[in-house]
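Below: one structure, written as structure tokens.
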Amino acid sequence: MRYILLNKPYEVLTQFTDETGRKTLKDFVNVPNIYPVGRLDYDSEGLVLLTDDKQLQHRLSEPRFKVPKTYWVQVEGIPTEEALENLRRGVDLKTGFTTPAEVALLPETPELWERSKPVRFRANIPTTWVQIRISQGMNRQVRKMTAAVGYPTLRLVRVSIADLRVDQLQPGEWRDLTKAEVQALTEDMAAQTAAAGTFKTPGKGSEYWPGGVRPAGEKPRSTNRSGFTTPGGGKPAGNSRATGTRGAVRNATPGKTGSKPGPKSAGRGSAPRKPGAAGGRSGRS
């Protein structure tokens with residue numbers, strides 16, 4: 001299997017085709033049958049992991065596995081401590097709250113490559129670099145977070161995925177992961193999977209537990225046909241055929257008591273009703 005780390009340039013789609021002719025991953029990585037793990041916005045830069053390992057791809061993309069991603073973000077203005085604390089607690093994006101993030105001001109401008117298009121900023125407003133580490137994957141999340149606390153994003157660079165870092169990769173360059181990196185990533189995802197557990201929809205007559213493991217000391221319990229587990233393992237009430245309505249109906253002999261049911265018995269001996277009389281059919285309007 002292939003595990004590739006790419007430094008995605010600015011204004012490149014995180015996909016291999018585009019009907020409008022924009023640059024895609026195919027312009028930089030000519031390896032068949034690999035796919036990106038997650039997304040990185042068209043106007044963002046930095047790390048993208050590509051692989052043909054479908055199981056690892058699923059684990060890295062699944063939000064419940066909490067794969068951390070670190071971004072260096074150039075924002076307009078100088079964020080206050082209150083704004084930074086708001087980012088750390090979680091921000092209301094109208095579509096939902098973000099989970100708490102690790103946020104810190106970078107002491108100085110990081111050494112990065114020149115962007116293909118210079119960042120537009122106002123000369124009379126300073127800019128600040130902030131490091132933000134999150135494990136969510138909401139659409140344009142980091143940009144929305146900084147804007148929500150009053151500091152719009154000017155440039156966004158993803159510098160790490162889990163423990164994989166961009167390091168010396170220049171825009172458009174890529175490399176294969178080492179065996180040690182693949183092993184570390186696989187083990188980390190296995191640990192995340194064990195911590196997150198699994199959930200299976202109960203089938204007919206089956207028990208289920210978070211993680212698929214019955215708690216110690218818990219005895220198997222009987223189930224009825226609907227899959228409902230009866231507490232204590234006893235039989236559901238009213239499930240016996242020895243008693244009840246169904247048994248009584250089977251033992252009854254038709255015709256022994258009362259008149260034989262049927263449409264002919266209805267209305268016998270009663271006087272014919274006149275049209276329009278009380279209790280008859282109502283007239284049509």
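Chain labels A, B, ... are given in the sequence in which chains occur in the structure tokens; within each chain residues are numbered consecutively from 1, and ligands are likewise numbered from 1 in the order shown.
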List as a PyMOL selection string the protein and nucleic acid residues near segment 132-139 of chain A, meaning an atom at most 8 Å away when only C-alpha atoms are counted, but skip any in the same chain fewer than 4 places from it. chain A and resi 63+66-73+98-104
Determine which residues of segment 93-167 of chain A DSSP labels as strand (DSSP E) from the backbone of this structure, then write them out as a PyMOL selection string. chain A and resi 102-105+127-134+153-161+164-165
Output file for the selection above: C-alpha atoms, as a PDB file, in the first residue's frame:
```
ATOM      1  CA  GLU A 102      -5.477  24.233  21.552  1.00  0.00           C
ATOM      2  CA  VAL A 103      -4.611  27.847  20.701  1.00  0.00           C
ATOM      3  CA  ALA A 104      -1.412  29.859  21.168  1.00  0.00           C
ATOM      4  CA  LEU A 105       0.140  32.965  19.672  1.00  0.00           C
ATOM      5  CA  THR A 127      -1.313  40.848  11.470  1.00  0.00           C
ATOM      6  CA  THR A 128      -0.658  38.000  13.905  1.00  0.00           C
ATOM      7  CA  TRP A 129       0.268  34.333  13.519  1.00  0.00           C
ATOM      8  CA  VAL A 130      -1.706  31.902  15.675  1.00  0.00           C
ATOM      9  CA  GLN A 131      -1.269  28.151  16.097  1.00  0.00           C
ATOM     10  CA  ILE A 132      -4.576  26.271  16.277  1.00  0.00           C
ATOM     11  CA  ARG A 133      -4.837  22.533  16.897  1.00  0.00           C
ATOM     12  CA  ILE A 134      -8.222  20.851  16.385  1.00  0.00           C
ATOM     13  CA  THR A 153      -8.007  34.680   8.483  1.00  0.00           C
ATOM     14  CA  LEU A 154      -5.610  35.981   5.833  1.00  0.00           C
ATOM     15  CA  ARG A 155      -3.515  32.850   5.326  1.00  0.00           C
ATOM     16  CA  LEU A 156      -4.014  29.275   6.492  1.00  0.00           C
ATOM     17  CA  VAL A 157      -1.330  26.563   6.468  1.00  0.00           C
ATOM     18  CA  ARG A 158      -1.774  23.021   7.812  1.00  0.00           C
ATOM     19  CA  VAL A 159       1.578  22.031   9.245  1.00  0.00           C
ATOM     20  CA  SER A 160       0.795  18.633  10.786  1.00  0.00           C
ATOM     21  CA  ILE A 161      -1.616  15.699  10.764  1.00  0.00           C
ATOM     22  CA  LEU A 164       3.290  13.912  10.570  1.00  0.00           C
ATOM     23  CA  ARG A 165       4.817  17.321   9.816  1.00  0.00           C
TER      24      ARG A 165
END
```
Interatomic distance, atom CA of Ser44 of chain A to atom CA of Val12 of chain A (Å, one decimal):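 It comes out at 8.4 Å.
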